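Here's the structure we're looking at; comments come further down.
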Amino acid sequence: MRLFISYRRADTQTVARSMKTFLDQIPRIDEVFLDFDEIGIGEDFEAAIRSSLAKSSHCLVLIGKDYLGASTGPQGDTRIFDPQDFVRREAVLALESDARVIPVLVDGAPMPSADGLPEELKHLPKLNAFQLRTSHFNADMDDLLDVVFGQKKGRGSRWRRPKLTFAGALLRASLGFVAGLGLLIALGILSDIMARAGGGGCGSLACRMQQVFGFEHQEDALGAVMLFAAMVLGLGAFLPFLPRILRK
């Protein structure tokens, strides 16, 4: 899934950057397009926007209190009425694309009225908008992702998954390894208890393995025990990563 963020730099640039940082942590989102990062110097603006929107499933149009821009020209029209206004051109291309356009009203900003927009953007106020509060940024972004993905996942930062650091991976593997080692020790103790209770005098795992599987030589049984122990320890170190792999 690819998302496109449209915004006016003088209005919601900080929020747009924060949204990109947040969305980049979502495993189900492959790419977040933000023109500040993605359009190179000398690159055709309109061609780049069209290309990015063609690959995007959703376009988030950030609307702050200064979305329309300052008044310009003798008529006193806002910047949004300037045909060369990048925000206007971007929003027009978004409405013309197949991407689902979601207006995002930032910190209580009102939706512009149709009368306050050029003809090409009069459809924008008809779209159901999402309210984003920067004071509740994480929670509201999670709710916004519910809209994008069309499902619920509980409360809290339910969509984000922090990047796994080397220290974090080492800690997970170590805990799993210790759990596997604990299991082997428990099996050894259980084998000894069973031997004492049965009066068989065979308390080691190697001896028990030799009895159960009929190994001719005790060395073969010891090798089987070492292989089994390696498998248990390896599985113990791997299992803590399994939920993360399955979620991805």
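Please note that chains go A, B, ... in the order of the structure tokens, that every chain numbers its residues from 1, and that ligands are numbered from 1 in the order shown.
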Item to check | Residue neighbourhood Lys20 in chain A, 10 Å, only C-alpha atoms, exclusion window fewer than 2 positions, as an NGL selection string | outcome: :A and (3-5 or 15-18 or 22-25 or 31-34)
Checklist entry - Within 7 Å of Leu53 in chain A, counting only C-alpha atoms, which residues qualify if same-chain residues fewer than 3 places away don't, as a PyMOL selection string? => result chain A and resi 4+49-50+56+94+97+99
Please dump the current selection as a short mmCIF file (atom, residue, chain, number, x, y, z; two decimals), in the first residue's frame; keep C-alpha atoms.
```
data_model
loop_
_atom_site.label_atom_id
_atom_site.label_comp_id
_atom_site.auth_asym_id
_atom_site.auth_seq_id
_atom_site.Cartn_x
_atom_site.Cartn_y
_atom_site.Cartn_z
CA PHE A 4 0.34 10.34 -0.77
CA ILE A 49 2.75 14.11 -8.81
CA ARG A 50 0.72 12.24 -11.46
CA SER A 56 -1.07 5.48 -4.44
CA ALA A 94 -5.48 13.98 -6.53
CA SER A 97 -6.72 10.27 -9.86
CA ALA A 99 -6.66 7.39 -5.23
#
```
Next on the checklist: Write out as JSON, numbers by chain the set of residues from range 93-191 of chain A that DSSP, computed on the backbone, places in alpha helix (DSSP H).
Outcome noted: {"A": [93, 94, 95, 96, 137, 138, 139, 140, 141, 142, 143, 144, 145, 146, 147, 148, 149, 166, 167, 168, 169, 170, 171, 172, 173, 174, 175, 176, 177, 178, 179, 180, 181, 182, 183, 184, 185, 186, 187, 188, 189, 190, 191]}
Limited to N, CA and C atoms, could you put the picked residues into a file as a compact mmCIF listing (two decimals), in the first residue's frame?
```
# COMPACT_ATOMS: atom_id res chain seq x y z
N LEU A 93 -4.99 17.24 -9.09
CA LEU A 93 -4.49 15.97 -9.62
C LEU A 93 -4.96 14.80 -8.74
N ALA A 94 -5.02 15.03 -7.44
CA ALA A 94 -5.48 13.98 -6.53
C ALA A 94 -6.95 13.64 -6.79
N LEU A 95 -7.79 14.66 -6.96
CA LEU A 95 -9.20 14.43 -7.23
C LEU A 95 -9.42 13.77 -8.59
N GLU A 96 -8.53 14.01 -9.53
CA GLU A 96 -8.65 13.41 -10.85
C GLU A 96 -8.11 11.98 -10.89
N PHE A 137 -1.77 13.02 18.86
CA PHE A 137 -1.29 12.63 17.53
C PHE A 137 -1.29 11.11 17.34
N ASN A 138 -0.67 10.37 18.24
CA ASN A 138 -0.55 8.92 18.05
C ASN A 138 -1.91 8.24 18.01
N ALA A 139 -2.79 8.60 18.95
CA ALA A 139 -4.11 7.98 19.00
C ALA A 139 -4.92 8.31 17.75
N ASP A 140 -4.85 9.57 17.31
CA ASP A 140 -5.61 9.96 16.13
C ASP A 140 -5.04 9.33 14.86
N MET A 141 -3.73 9.17 14.80
CA MET A 141 -3.13 8.51 13.64
C MET A 141 -3.54 7.04 13.59
N ASP A 142 -3.65 6.41 14.75
CA ASP A 142 -4.14 5.04 14.77
C ASP A 142 -5.57 4.96 14.24
N ASP A 143 -6.40 5.94 14.64
CA ASP A 143 -7.77 5.98 14.14
C ASP A 143 -7.81 6.25 12.63
N LEU A 144 -6.89 7.09 12.16
CA LEU A 144 -6.82 7.36 10.73
C LEU A 144 -6.45 6.09 9.96
N LEU A 145 -5.56 5.29 10.52
CA LEU A 145 -5.20 4.03 9.88
C LEU A 145 -6.37 3.05 9.88
N ASP A 146 -7.23 3.15 10.88
CA ASP A 146 -8.47 2.34 10.85
C ASP A 146 -9.28 2.69 9.61
N VAL A 147 -9.32 3.98 9.27
CA VAL A 147 -10.04 4.43 8.08
C VAL A 147 -9.36 3.88 6.82
N VAL A 148 -8.05 3.99 6.78
CA VAL A 148 -7.30 3.55 5.60
C VAL A 148 -7.40 2.05 5.40
N PHE A 149 -7.22 1.29 6.49
CA PHE A 149 -7.24 -0.16 6.39
C PHE A 149 -8.64 -0.75 6.51
N PHE A 166 19.57 -4.13 17.07
CA PHE A 166 20.45 -5.27 17.35
C PHE A 166 20.33 -5.69 18.81
N ALA A 167 20.30 -4.69 19.71
CA ALA A 167 20.18 -5.00 21.14
C ALA A 167 18.86 -5.69 21.44
N GLY A 168 17.78 -5.22 20.79
CA GLY A 168 16.47 -5.84 20.99
C GLY A 168 16.44 -7.26 20.47
N ALA A 169 17.03 -7.48 19.31
CA ALA A 169 17.07 -8.83 18.73
C ALA A 169 17.89 -9.76 19.61
N LEU A 170 19.02 -9.26 20.12
CA LEU A 170 19.88 -10.07 20.99
C LEU A 170 19.15 -10.43 22.27
N LEU A 171 18.40 -9.48 22.82
CA LEU A 171 17.65 -9.75 24.05
C LEU A 171 16.58 -10.81 23.81
N ARG A 172 15.85 -10.68 22.71
CA ARG A 172 14.81 -11.67 22.39
C ARG A 172 15.39 -13.06 22.22
N ALA A 173 16.48 -13.15 21.44
CA ALA A 173 17.11 -14.44 21.20
C ALA A 173 17.64 -15.04 22.50
N SER A 174 18.21 -14.19 23.35
CA SER A 174 18.76 -14.67 24.62
C SER A 174 17.67 -15.22 25.53
N LEU A 175 16.56 -14.49 25.61
CA LEU A 175 15.45 -14.96 26.44
C LEU A 175 14.89 -16.29 25.92
N GLY A 176 14.77 -16.40 24.59
CA GLY A 176 14.29 -17.66 24.01
C GLY A 176 15.27 -18.79 24.26
N PHE A 177 16.58 -18.48 24.16
CA PHE A 177 17.61 -19.48 24.41
C PHE A 177 17.54 -19.97 25.85
N VAL A 178 17.40 -19.03 26.78
CA VAL A 178 17.30 -19.39 28.20
C VAL A 178 16.06 -20.24 28.46
N ALA A 179 14.95 -19.90 27.78
CA ALA A 179 13.72 -20.70 27.94
C ALA A 179 13.94 -22.11 27.43
N GLY A 180 14.64 -22.25 26.29
CA GLY A 180 14.94 -23.58 25.76
C GLY A 180 15.85 -24.36 26.69
N LEU A 181 16.84 -23.67 27.26
CA LEU A 181 17.74 -24.31 28.21
C LEU A 181 16.97 -24.78 29.44
N GLY A 182 16.03 -23.94 29.89
CA GLY A 182 15.20 -24.33 31.03
C GLY A 182 14.38 -25.57 30.74
N LEU A 183 13.88 -25.66 29.51
CA LEU A 183 13.10 -26.84 29.12
C LEU A 183 13.96 -28.09 29.15
N LEU A 184 15.19 -27.99 28.66
CA LEU A 184 16.10 -29.15 28.67
C LEU A 184 16.42 -29.58 30.10
N ILE A 185 16.65 -28.61 30.97
CA ILE A 185 16.92 -28.94 32.37
C ILE A 185 15.72 -29.61 33.00
N ALA A 186 14.52 -29.10 32.69
CA ALA A 186 13.29 -29.70 33.23
C ALA A 186 13.12 -31.13 32.74
N LEU A 187 13.44 -31.37 31.46
CA LEU A 187 13.34 -32.73 30.93
C LEU A 187 14.34 -33.67 31.60
N GLY A 188 15.55 -33.15 31.88
CA GLY A 188 16.54 -33.96 32.58
C GLY A 188 16.09 -34.33 33.98
N ILE A 189 15.54 -33.34 34.68
CA ILE A 189 15.04 -33.60 36.04
C ILE A 189 13.88 -34.60 36.00
N LEU A 190 12.98 -34.42 35.03
CA LEU A 190 11.84 -35.33 34.91
C LEU A 190 12.31 -36.75 34.61
N SER A 191 13.31 -36.88 33.74
CA SER A 191 13.85 -38.19 33.41
C SER A 191 14.44 -38.87 34.64
```
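With only C-alpha atoms as the atoms that count, the residue of A:Leu242, A:Ile102, A:Ala91, A:Ala109 with the shortest distance to Lys126 in chain A is A:Ile102.
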Next on the checklist: I'd like the interatomic distance between CA of Gly64 in chain A and CA of Pro110 in chain A, to a tenth of an Å.
Outcome noted: 7.8 Å
Checklist entry - What lies within 12 Å of Val92 in chain A using only C-alpha atoms, ignoring chain neighbours under 3 positions off, as a PyMOL selection string? => result chain A and resi 6+46+49-50+53+59+61+80-81+83-89+95-97+99+101+117-124
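Proximity to Phe228 in chain A at 12 Å, evaluated using only C-alpha atoms and with sequence-adjacent residues fewer than 2 positions away removed, yields Gly180, Leu181, Leu183, Leu184, Leu187, Leu205, Ala206, Met209, Ala221, Leu222, Gly223, Ala224, Val225, Met226, Ala230, Met231, Val232, Leu233, Gly234 and Leu235 of chain A.
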Resulting file, chosen residues, N, CA and C atoms, as a PDB file, in the first residue's frame:
```
ATOM      1  N   GLY A 180      14.635 -22.252  26.290  1.00  0.00           N
ATOM      2  CA  GLY A 180      14.936 -23.583  25.765  1.00  0.00           C
ATOM      3  C   GLY A 180      15.845 -24.357  26.685  1.00  0.00           C
ATOM      4  N   LEU A 181      16.836 -23.671  27.259  1.00  0.00           N
ATOM      5  CA  LEU A 181      17.735 -24.312  28.207  1.00  0.00           C
ATOM      6  C   LEU A 181      16.973 -24.781  29.442  1.00  0.00           C
ATOM      7  N   LEU A 183      13.880 -25.657  29.511  1.00  0.00           N
ATOM      8  CA  LEU A 183      13.100 -26.836  29.122  1.00  0.00           C
ATOM      9  C   LEU A 183      13.963 -28.091  29.149  1.00  0.00           C
ATOM     10  N   LEU A 184      15.192 -27.986  28.657  1.00  0.00           N
ATOM     11  CA  LEU A 184      16.097 -29.148  28.670  1.00  0.00           C
ATOM     12  C   LEU A 184      16.421 -29.582  30.098  1.00  0.00           C
ATOM     13  N   LEU A 187      13.436 -31.372  31.465  1.00  0.00           N
ATOM     14  CA  LEU A 187      13.338 -32.734  30.925  1.00  0.00           C
ATOM     15  C   LEU A 187      14.339 -33.665  31.602  1.00  0.00           C
ATOM     16  N   LEU A 205      19.461 -38.305  30.150  1.00  0.00           N
ATOM     17  CA  LEU A 205      18.687 -38.264  28.907  1.00  0.00           C
ATOM     18  C   LEU A 205      19.267 -39.214  27.866  1.00  0.00           C
ATOM     19  N   ALA A 206      20.600 -39.340  27.838  1.00  0.00           N
ATOM     20  CA  ALA A 206      21.220 -40.246  26.874  1.00  0.00           C
ATOM     21  C   ALA A 206      20.807 -41.681  27.127  1.00  0.00           C
ATOM     22  N   MET A 209      17.199 -42.049  26.189  1.00  0.00           N
ATOM     23  CA  MET A 209      17.077 -42.081  24.736  1.00  0.00           C
ATOM     24  C   MET A 209      17.476 -43.447  24.186  1.00  0.00           C
ATOM     25  N   ALA A 221      23.227 -42.565  21.202  1.00  0.00           N
ATOM     26  CA  ALA A 221      22.174 -41.935  22.003  1.00  0.00           C
ATOM     27  C   ALA A 221      22.603 -40.548  22.451  1.00  0.00           C
ATOM     28  N   LEU A 222      23.902 -40.402  22.831  1.00  0.00           N
ATOM     29  CA  LEU A 222      24.410 -39.096  23.251  1.00  0.00           C
ATOM     30  C   LEU A 222      24.370 -38.100  22.098  1.00  0.00           C
ATOM     31  N   GLY A 223      24.706 -38.579  20.884  1.00  0.00           N
ATOM     32  CA  GLY A 223      24.637 -37.710  19.710  1.00  0.00           C
ATOM     33  C   GLY A 223      23.213 -37.257  19.436  1.00  0.00           C
ATOM     34  N   ALA A 224      22.247 -38.179  19.609  1.00  0.00           N
ATOM     35  CA  ALA A 224      20.840 -37.834  19.410  1.00  0.00           C
ATOM     36  C   ALA A 224      20.381 -36.799  20.437  1.00  0.00           C
ATOM     37  N   VAL A 225      20.874 -36.941  21.677  1.00  0.00           N
ATOM     38  CA  VAL A 225      20.522 -35.973  22.723  1.00  0.00           C
ATOM     39  C   VAL A 225      21.082 -34.599  22.386  1.00  0.00           C
ATOM     40  N   MET A 226      22.327 -34.539  21.898  1.00  0.00           N
ATOM     41  CA  MET A 226      22.945 -33.265  21.551  1.00  0.00           C
ATOM     42  C   MET A 226      22.212 -32.600  20.389  1.00  0.00           C
ATOM     43  N   ALA A 230      20.250 -29.084  20.591  1.00  0.00           N
ATOM     44  CA  ALA A 230      20.514 -27.979  19.662  1.00  0.00           C
ATOM     45  C   ALA A 230      19.224 -27.501  19.006  1.00  0.00           C
ATOM     46  N   MET A 231      18.332 -28.428  18.646  1.00  0.00           N
ATOM     47  CA  MET A 231      17.058 -28.063  18.034  1.00  0.00           C
ATOM     48  C   MET A 231      16.191 -27.274  19.006  1.00  0.00           C
ATOM     49  N   VAL A 232      16.152 -27.711  20.269  1.00  0.00           N
ATOM     50  CA  VAL A 232      15.336 -27.019  21.279  1.00  0.00           C
ATOM     51  C   VAL A 232      15.871 -25.612  21.519  1.00  0.00           C
ATOM     52  N   LEU A 233      17.194 -25.486  21.647  1.00  0.00           N
ATOM     53  CA  LEU A 233      17.789 -24.167  21.895  1.00  0.00           C
ATOM     54  C   LEU A 233      17.602 -23.242  20.696  1.00  0.00           C
ATOM     55  N   GLY A 234      17.774 -23.799  19.477  1.00  0.00           N
ATOM     56  CA  GLY A 234      17.570 -22.992  18.279  1.00  0.00           C
ATOM     57  C   GLY A 234      16.130 -22.543  18.134  1.00  0.00           C
ATOM     58  N   LEU A 235      15.195 -23.452  18.410  1.00  0.00           N
ATOM     59  CA  LEU A 235      13.775 -23.100  18.336  1.00  0.00           C
ATOM     60  C   LEU A 235      13.419 -22.066  19.388  1.00  0.00           C
TER      61      LEU A 235
END
```
Checklist entry - In Å, with one decimal, what is the gap from CA of Ile245 in chain A to CA of Pro27 in chain A? => result 10.5 Å
Item to check | Test item, strand (DSSP E or B) assignment across range 62-148 of chain A, answer as a ChimeraX atom specification | outcome: /A:62-63,71-72,77-78,100-106,130-132
Atoms to include: N, CA and C atoms. Write the selected residues as a CSV table (one decimal), in the first residue's frame.
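Below you can see part14.csv, which holds the result:
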```csv
chain,number,residue,atom,x,y,z
A,62,LEU,N,-3.9,17.5,3.8
A,62,LEU,CA,-3.9,18.1,5.1
A,62,LEU,C,-4.4,19.6,5.0
A,63,ILE,N,-5.4,19.9,5.8
A,63,ILE,CA,-6.0,21.2,5.8
A,63,ILE,C,-5.8,21.9,7.1
A,71,SER,N,-3.8,36.1,1.0
A,71,SER,CA,-4.5,36.8,-0.1
A,71,SER,C,-3.4,37.4,-1.0
A,72,THR,N,-3.6,37.3,-2.3
A,72,THR,CA,-2.7,37.8,-3.3
A,72,THR,C,-3.4,38.6,-4.4
A,77,ASP,N,-7.8,37.6,-3.8
A,77,ASP,CA,-8.1,36.2,-3.8
A,77,ASP,C,-6.9,35.5,-3.0
A,78,THR,N,-7.3,34.4,-2.4
A,78,THR,CA,-6.3,33.6,-1.7
A,78,THR,C,-5.4,32.8,-2.7
A,100,ARG,N,-8.1,7.3,-3.3
A,100,ARG,CA,-9.1,7.7,-2.4
A,100,ARG,C,-8.6,9.0,-1.6
A,101,VAL,N,-9.3,10.1,-1.8
A,101,VAL,CA,-8.9,11.3,-1.2
A,101,VAL,C,-9.5,11.5,0.2
A,102,ILE,N,-8.7,11.7,1.2
A,102,ILE,CA,-9.2,11.9,2.6
A,102,ILE,C,-8.8,13.3,3.1
A,103,PRO,N,-9.7,14.2,3.2
A,103,PRO,CA,-9.3,15.5,3.8
A,103,PRO,C,-9.0,15.3,5.3
A,104,VAL,N,-7.9,15.9,5.8
A,104,VAL,CA,-7.5,15.7,7.2
A,104,VAL,C,-7.5,17.1,7.8
A,105,LEU,N,-8.4,17.4,8.6
A,105,LEU,CA,-8.5,18.8,9.2
A,105,LEU,C,-7.6,18.8,10.5
A,106,VAL,N,-6.6,19.6,10.5
A,106,VAL,CA,-5.6,19.6,11.5
A,106,VAL,C,-6.0,20.6,12.6
A,130,PHE,N,-11.4,13.8,8.1
A,130,PHE,CA,-10.9,13.3,9.4
A,130,PHE,C,-10.3,14.4,10.2
A,131,GLN,N,-10.6,14.3,11.5
A,131,GLN,CA,-10.1,15.4,12.4
A,131,GLN,C,-8.8,14.8,13.1
A,132,LEU,N,-7.7,15.6,12.9
A,132,LEU,CA,-6.5,15.2,13.5
A,132,LEU,C,-6.0,16.2,14.5
```
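Rounded to one decimal, CA of Arg133 in chain A and CA of Asp107 in chain A lie 4.8 Å from each other.
Remark: for Pro112 in chain A, the closest of the candidate residues A:Lys65, A:His136, A:Arg8, A:Arg2 is A:Lys65 (distances computed over only C-alpha atoms).
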